[in-house]
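Visitor: Below is upload37.cif; it holds mmCIF, C-alpha atoms.
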data_coords
loop_
_atom_site.label_atom_id
_atom_site.label_comp_id
_atom_site.auth_asym_id
_atom_site.auth_seq_id
_atom_site.Cartn_x
_atom_site.Cartn_y
_atom_site.Cartn_z
CA MET A 1 -37.70 -17.82 -2.76
CA TYR A 2 -39.01 -21.01 -4.32
CA PHE A 3 -42.07 -22.86 -3.01
CA ARG A 4 -43.62 -26.06 -4.36
CA GLN A 5 -46.49 -28.20 -3.15
CA PHE A 6 -46.71 -31.90 -4.05
CA HIS A 7 -49.78 -34.14 -3.88
CA ASP A 8 -49.62 -37.93 -3.90
CA THR A 9 -52.92 -39.12 -5.38
CA THR A 10 -52.60 -42.63 -3.93
CA SER A 11 -52.30 -41.61 -0.28
CA ALA A 12 -53.67 -38.04 -0.56
CA ALA A 13 -50.46 -36.95 1.17
CA MET A 14 -49.16 -33.41 0.73
CA SER A 15 -45.48 -32.51 0.85
CA TYR A 16 -43.60 -29.28 0.30
CA LEU A 17 -40.30 -27.86 -0.90
CA ILE A 18 -39.00 -24.45 0.18
CA ALA A 19 -35.73 -23.08 -1.19
CA ASN A 20 -33.75 -19.88 -1.11
CA SER A 21 -33.03 -19.33 -4.78
CA SER A 22 -30.04 -17.12 -4.01
CA SER A 23 -28.22 -19.55 -1.75
CA GLY A 24 -29.60 -22.72 -3.36
CA VAL A 25 -30.41 -24.20 0.05
CA ALA A 26 -33.70 -26.07 0.39
CA VAL A 27 -35.83 -27.84 2.97
CA ALA A 28 -38.49 -30.48 2.32
CA ILE A 29 -41.53 -30.92 4.53
CA ASP A 30 -43.00 -34.42 4.78
CA PRO A 31 -41.46 -35.88 1.60
CA THR A 32 -42.87 -39.34 1.02
CA PRO A 33 -40.47 -42.25 1.51
CA ASP A 34 -41.88 -43.87 -1.62
CA PRO A 35 -38.96 -44.43 -4.07
CA CYS A 36 -40.84 -43.08 -7.11
CA GLN A 37 -41.86 -39.88 -5.35
CA GLY A 38 -38.33 -39.55 -4.03
CA LEU A 39 -37.00 -39.59 -7.59
CA VAL A 40 -39.32 -36.72 -8.51
CA LEU A 41 -38.02 -34.62 -5.64
CA LYS A 42 -34.41 -35.44 -6.41
CA ALA A 43 -34.92 -34.56 -10.09
CA LEU A 44 -36.43 -31.20 -9.14
CA LEU A 45 -33.57 -30.43 -6.78
CA ALA A 46 -31.05 -31.24 -9.50
CA GLU A 47 -32.94 -29.22 -12.12
CA ARG A 48 -33.04 -26.14 -9.90
CA GLY A 49 -29.55 -26.60 -8.50
CA PHE A 50 -30.80 -26.82 -4.93
CA SER A 51 -29.11 -28.69 -2.09
CA LEU A 52 -31.46 -30.29 0.42
CA ALA A 53 -30.31 -29.25 3.89
CA LEU A 54 -33.21 -30.43 6.05
CA ILE A 55 -36.15 -32.82 5.96
CA LEU A 56 -38.83 -31.54 8.31
CA LEU A 57 -41.28 -34.24 9.39
CA THR A 58 -44.55 -33.17 10.96
CA HIS A 59 -44.97 -36.65 12.47
CA THR A 60 -43.83 -40.21 12.00
CA HIS A 61 -45.37 -43.65 12.10
CA GLY A 62 -43.37 -46.85 12.56
CA GLY A 63 -41.19 -48.34 9.84
CA VAL A 64 -40.03 -45.24 7.98
CA ALA A 65 -36.57 -44.57 9.44
CA ASP A 66 -34.64 -46.74 7.02
CA ASP A 67 -36.53 -45.31 4.04
CA PHE A 68 -35.65 -41.69 4.80
CA LEU A 69 -32.05 -42.47 5.66
CA ALA A 70 -31.63 -44.41 2.40
CA HIS A 71 -33.27 -41.86 0.10
CA TYR A 72 -31.86 -38.65 1.61
CA PRO A 73 -28.51 -39.54 3.21
CA ASP A 74 -27.08 -36.01 3.05
CA ALA A 75 -29.98 -34.13 4.61
CA GLY A 76 -30.60 -33.68 8.30
CA ILE A 77 -33.91 -35.12 9.49
CA VAL A 78 -35.91 -33.01 11.94
CA VAL A 79 -38.47 -34.84 14.09
CA GLY A 80 -40.40 -34.54 17.30
CA PRO A 81 -38.81 -35.87 20.49
CA GLN A 82 -41.05 -38.91 21.06
CA GLY A 83 -41.38 -40.65 17.69
CA PRO A 84 -39.73 -43.67 16.04
CA LEU A 85 -37.08 -41.47 14.38
CA ALA A 86 -36.03 -39.71 17.58
CA SER A 87 -32.82 -41.72 17.79
CA VAL A 88 -31.64 -40.85 14.27
CA GLY A 89 -33.12 -37.39 13.69
CA ARG A 90 -32.64 -33.96 15.17
CA GLN A 91 -35.26 -33.58 17.88
CA ALA A 92 -36.91 -30.19 17.53
CA ARG A 93 -38.62 -28.48 20.44
CA ASP A 94 -41.57 -26.14 20.63
CA GLY A 95 -40.54 -22.59 19.78
CA GLU A 96 -37.22 -23.60 18.25
CA VAL A 97 -36.18 -21.69 15.12
CA LEU A 98 -34.49 -23.65 12.34
CA GLY A 99 -32.30 -21.76 9.89
CA PHE A 100 -31.50 -22.58 6.27
CA GLY A 101 -29.91 -20.41 3.60
CA GLY A 102 -30.79 -17.14 5.30
CA GLU A 103 -34.38 -18.22 6.03
CA SER A 104 -35.95 -19.42 9.28
CA ILE A 105 -38.78 -21.77 10.22
CA GLN A 106 -40.39 -21.87 13.65
CA VAL A 107 -41.24 -25.19 15.26
CA ILE A 108 -44.65 -25.52 16.94
CA ALA A 109 -45.31 -28.63 19.01
CA THR A 110 -48.77 -29.97 18.10
CA PRO A 111 -49.01 -33.46 19.66
CA GLY A 112 -52.17 -35.51 19.39
CA HIS A 113 -52.30 -37.28 16.04
CA THR A 114 -49.02 -38.76 17.22
CA ALA A 115 -47.03 -37.86 20.31
CA ASP A 116 -44.21 -36.45 18.17
CA SER A 117 -46.40 -34.25 15.93
CA LEU A 118 -44.92 -30.88 14.99
CA SER A 119 -46.09 -27.98 12.84
CA TYR A 120 -43.79 -25.56 11.06
CA LEU A 121 -44.35 -21.83 10.54
CA TRP A 122 -42.47 -20.17 7.67
CA ARG A 123 -43.26 -16.51 7.05
CA ASP A 124 -47.07 -16.45 6.64
CA ARG A 125 -47.39 -20.19 5.96
CA LEU A 126 -48.19 -22.96 8.41
CA PHE A 127 -47.44 -26.60 7.60
CA CYS A 128 -49.54 -28.54 10.08
CA GLY A 129 -49.19 -32.14 8.95
CA ASP A 130 -52.08 -34.16 10.34
CA ALA A 131 -52.65 -31.96 13.39
CA LEU A 132 -55.40 -30.18 11.45
CA ALA A 133 -57.26 -31.02 8.25
CA LEU A 134 -58.88 -28.44 6.00
CA GLY A 135 -62.51 -28.31 7.04
CA GLY A 136 -62.16 -31.35 9.25
CA CYS A 137 -59.93 -33.39 11.50
CA PRO A 138 -57.58 -36.26 10.65
CA GLN A 139 -58.92 -39.67 11.53
CA GLN A 140 -57.71 -41.66 14.49
CA THR A 141 -54.76 -43.91 13.78
CA ASP A 142 -53.87 -47.29 15.19
CA ASP A 143 -50.93 -45.73 17.00
CA ASP A 144 -51.14 -46.08 20.75
CA ASP A 145 -50.15 -42.44 21.21
CA CYS A 146 -53.03 -40.91 19.22
CA ASP A 147 -54.82 -38.66 21.71
CA PRO A 148 -57.87 -36.56 20.73
CA ARG A 149 -57.56 -34.40 23.84
CA SER A 150 -54.07 -33.38 22.80
CA ILE A 151 -55.27 -32.77 19.23
CA TYR A 152 -57.87 -30.32 20.52
CA ASP A 153 -55.36 -28.53 22.73
CA SER A 154 -52.80 -28.30 19.93
CA VAL A 155 -55.25 -26.86 17.44
CA VAL A 156 -57.14 -24.49 19.74
CA ASP A 157 -54.26 -23.32 21.95
CA GLN A 158 -51.41 -23.39 19.45
CA LEU A 159 -52.64 -23.10 15.85
CA PHE A 160 -55.83 -21.08 16.24
CA THR A 161 -53.93 -18.37 18.14
CA LEU A 162 -51.91 -17.55 15.01
CA PRO A 163 -52.97 -14.53 12.90
CA ALA A 164 -56.15 -15.11 10.90
CA GLU A 165 -54.40 -14.51 7.58
CA THR A 166 -51.85 -17.29 8.16
CA LEU A 167 -52.00 -19.76 5.28
CA VAL A 168 -52.62 -23.36 6.30
CA PHE A 169 -51.07 -26.18 4.28
CA PRO A 170 -52.19 -29.67 5.36
CA GLY A 171 -50.50 -33.04 5.47
CA HIS A 172 -53.37 -34.74 3.63
CA ASP A 173 -56.39 -33.80 1.57
CA ALA A 174 -58.48 -36.14 -0.55
CA HIS A 175 -60.92 -33.48 -1.76
CA GLY A 176 -58.74 -31.27 -3.95
CA ARG A 177 -58.21 -28.54 -1.37
CA THR A 178 -54.65 -27.29 -1.22
CA VAL A 179 -54.67 -24.36 1.21
CA SER A 180 -56.83 -22.59 3.77
CA THR A 181 -56.28 -19.90 6.41
CA ILE A 182 -56.29 -19.92 10.18
CA GLY A 183 -59.20 -17.49 10.13
CA GLU A 184 -61.30 -19.76 7.93
CA GLU A 185 -60.54 -22.90 9.93
CA ARG A 186 -61.14 -21.10 13.22
CA SER A 187 -64.54 -19.81 12.12
CA ARG A 188 -65.79 -22.63 9.88
CA ASN A 189 -64.15 -25.96 10.72
CA PRO A 190 -67.08 -28.04 12.06
CA PHE A 191 -64.91 -30.26 14.25
CA PHE A 192 -63.82 -27.33 16.38
CA LEU A 193 -66.56 -24.75 15.90
CA ALA A 194 -68.35 -24.04 19.18
CA ARG A 195 -67.23 -27.36 20.63
CA SER A 196 -65.81 -27.93 24.05
CA ARG A 197 -62.82 -30.23 24.54
CA ASP A 198 -65.05 -33.07 25.75
CA ALA A 199 -67.51 -32.63 22.88
CA PHE A 200 -64.64 -32.71 20.41
CA VAL A 201 -63.32 -35.96 21.89
CA THR A 202 -66.77 -37.55 21.62
CA ALA A 203 -67.13 -36.42 17.99
CA PHE A 204 -63.62 -37.53 17.15
CA ARG A 205 -64.21 -41.03 18.43
CA GLY A 206 -67.72 -41.36 17.06
CA GLU A 207 -67.48 -39.78 13.58
CA ARG A 208 -64.50 -41.60 12.06
CA GLY A 209 -66.20 -41.71 8.65
CA ALA A 210 -67.58 -38.19 8.67
CA PRO A 211 -67.02 -35.88 5.68
CA GLY A 212 -63.88 -33.85 6.01
CA ARG A 213 -61.85 -36.59 7.66
CA VAL A 214 -58.66 -37.53 5.89
CA LEU A 215 -56.45 -40.56 5.64
CA ALA A 216 -53.67 -40.76 8.19
CA ARG A 217 -50.12 -40.72 6.83
CA GLN A 218 -48.75 -44.24 6.64
#
Rewrite the coordinates I just gave you, this time as structure tokens.

Guide:
Amino acid sequence: MYFRQFHDTTSAAMSYLIANSSSGVAVAIDPTPDPCQGLVLKALLAERGFSLALILLTHTHGGVADDFLAHYPDAGIVVGPQGPLASVGRQARDGEVLGFGGESIQVIATPGHTADSLSYLWRDRLFCGDALALGGCPQQTDDDDCDPRSIYDSVVDQLFTLPAETLVFPGHDAHGRTVSTIGEERSRNPFFLARSRDAFVTAFRGERGAPGRVLARQ
């Protein structure tokens, strides 16, 4: 298998490429629609001889549909059922298993940051987008569907129930951190540690500039 993590220094966005080296089939998680970053991904796919079968988006904000369709016309786009790409992408549901080149990725619905937010579990690796930040919590967006109560439920009831050794790969990080584990986030993340749902909502709304918060994907 081939695994690659990308970091966009301008937006602090993280994206990922997973490929089965034997079959040459690949999936990309949260590739940026920026044309320059798209060229980097396309060059890597060509260099390795991979074909991009799926683009897995952890969440979407408005105004990105045309960008993804233009840059990756041959790949299927996987999205949550309530976002701006729902009409043009494959709407994945909680618990669904996506196959590619002999590999499989499980879909975990993690709404909150946006209503269509999804996380993806591949082997021992979780790609959580902006549902969870390493050591923190993603900041509130201007989207009408951003809901801190749902964020808390998604993290505590969905993600924190995964095995402690599960590797956590975020959607953003501006502090140089590239990976954590469910066990570490469950026991040390200050936004969730020993906090009730109501206390989390109060902290989320009142600590928008607190350390550990990250930029929302635009």

Visitor: Write out as a ChimeraX atom specification each polymer residue whose atoms come within 8 Å of Asp30 (chain A), counting only C-alpha atoms; drop sequence neighbours fewer than 6 positions from it.

Guide: /A:14-16,55-58,129,171

Visitor: Counting all atoms listed in the file, which of A:Met1, A:Val168, A:Leu85, A:Val97 gets nearest to Ile182 (chain A)?

Guide: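 Selected residue with least distance to Ile182 (chain A): A:Val168.
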
Visitor: Return the single residue from A:Ser11, A:Ser21, A:Thr110, A:Ser51 that is closest to Tyr152 (chain A), with distances computed using only C-alpha atoms.

Guide: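 For Tyr152 (chain A), the nearest of the candidates is A:Thr110.
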
Visitor: Ranking A:Ser187, A:Thr181, A:Ser104, A:Thr10 by minimum distance to Ala26 (chain A) and counting only C-alpha atoms, which one comes first?

Guide: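 Closest to Ala26 (chain A), using only C-alpha atoms: A:Ser104.
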
Visitor: As an exercise, work out the distance from CA of Gly89 (chain A) to CA of Pro138 (chain A) in Å and give it to one decimal place.

Guide: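 Those two atoms sit 24.7 Å apart.
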
Visitor: Extending 6 Å beyond the listed atoms of region 79-82 of chain A on each side, what axis-aligned box results? I want centre and edge lengths in Å to one decimal, as AutoDock Vina command-line options.

Guide:
--center_x -39.8 --center_y -36.7 --center_z 17.6 --size_x 14.6 --size_y 16.4 --size_z 19.0

Visitor: Starting from the PyMOL selection byres ((chain A and resi 101) around 12), expand the selection into actual residues of this file and give them as a VMD selection string.

Guide: chain A and resid 1 18 to 27 50 to 54 98 to 100 102 to 105

Visitor: For the selection you just gave me, I'd like the residues written to a file as a compact mmCIF listing (two decimals), keeping the file's coordinate frame, keeping C-alpha atoms.

Guide:
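What ended up in selection_7.txt:
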# COMPACT_ATOMS: atom_id res chain seq x y z
CA MET A 1 -37.70 -17.82 -2.76
CA ILE A 18 -39.00 -24.45 0.18
CA ALA A 19 -35.73 -23.08 -1.19
CA ASN A 20 -33.75 -19.88 -1.11
CA SER A 21 -33.03 -19.33 -4.78
CA SER A 22 -30.04 -17.12 -4.01
CA SER A 23 -28.22 -19.55 -1.75
CA GLY A 24 -29.60 -22.72 -3.36
CA VAL A 25 -30.41 -24.20 0.05
CA ALA A 26 -33.70 -26.07 0.39
CA VAL A 27 -35.83 -27.84 2.97
CA PHE A 50 -30.80 -26.82 -4.93
CA SER A 51 -29.11 -28.69 -2.09
CA LEU A 52 -31.46 -30.29 0.42
CA ALA A 53 -30.31 -29.25 3.89
CA LEU A 54 -33.21 -30.43 6.05
CA LEU A 98 -34.49 -23.65 12.34
CA GLY A 99 -32.30 -21.76 9.89
CA PHE A 100 -31.50 -22.58 6.27
CA GLY A 102 -30.79 -17.14 5.30
CA GLU A 103 -34.38 -18.22 6.03
CA SER A 104 -35.95 -19.42 9.28
CA ILE A 105 -38.78 -21.77 10.22

Visitor: Suppose a student applies the PyMOL selection byres ((chain A and resi 114) around 10) to this structure; what residues should they get, written as a list in words?

Guide: Thr58, His59, Thr60, His61, Gly80, Gln82, Gly83, Thr110, Pro111, Gly112, His113, Ala115, Asp116, Ser117, Leu118, Asp130, Ala131, Gln140, Thr141, Asp143, Asp144, Asp145, Cys146, Asp147, Pro148, Ser150 and Ile151 of chain A

Visitor: Kindly give the distance, in Å, that separates CA of Val156 (chain A) and CA of Phe3 (chain A), rounded to a single decimal.

Guide: 27.3 Å

Visitor: List the residues selected by the PyMOL selection byres ((chain A and resi 123-128) around 6) in the file shown, writing them as a PyMOL selection string.

Guide: chain A and resi 119-122+129+131+166-170

Visitor: So how many Å separate CA of Ala203 (chain A) and CA of Leu162 (chain A), to one decimal?

Guide: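 Separating CA of Ala203 (chain A) from CA of Leu162 (chain A) is a distance of 24.4 Å.
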
Visitor: With distances taken over all atoms listed in the file, which residue among A:Ala86, A:His71, A:Val107, A:Arg149 lies nearest Asp198 (chain A)?

Guide: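 Counting all atoms listed in the file, the residue closest to Asp198 (chain A) is A:Arg149.
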
Visitor: Looking at A:Ala109, A:Ala174, A:Ala199, A:Ala43, which one is nearest to Leu134 (chain A), with distances taken over all atoms listed in the file?

Guide: A:Ala174

Visitor: For Ala12 (chain A), list every protein, DNA or RNA residue within 6 Å, evaluated using all atoms listed in the file, and leave out those in the same chain fewer than 3 positions away; present the list as a PDB file with C-alpha atoms, keeping the file's coordinate frame.

Guide:
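Output contents, as saved in selection_35.pdb:
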ATOM      1  CA  ASP A   8     -49.620 -37.930  -3.900  1.00  0.00           C
ATOM      2  CA  THR A   9     -52.920 -39.120  -5.380  1.00  0.00           C
ATOM      3  CA  HIS A 172     -53.370 -34.740   3.630  1.00  0.00           C
ATOM      4  CA  ASP A 173     -56.390 -33.800   1.570  1.00  0.00           C
ATOM      5  CA  ALA A 174     -58.480 -36.140  -0.550  1.00  0.00           C
TER       6      ALA A 174
END
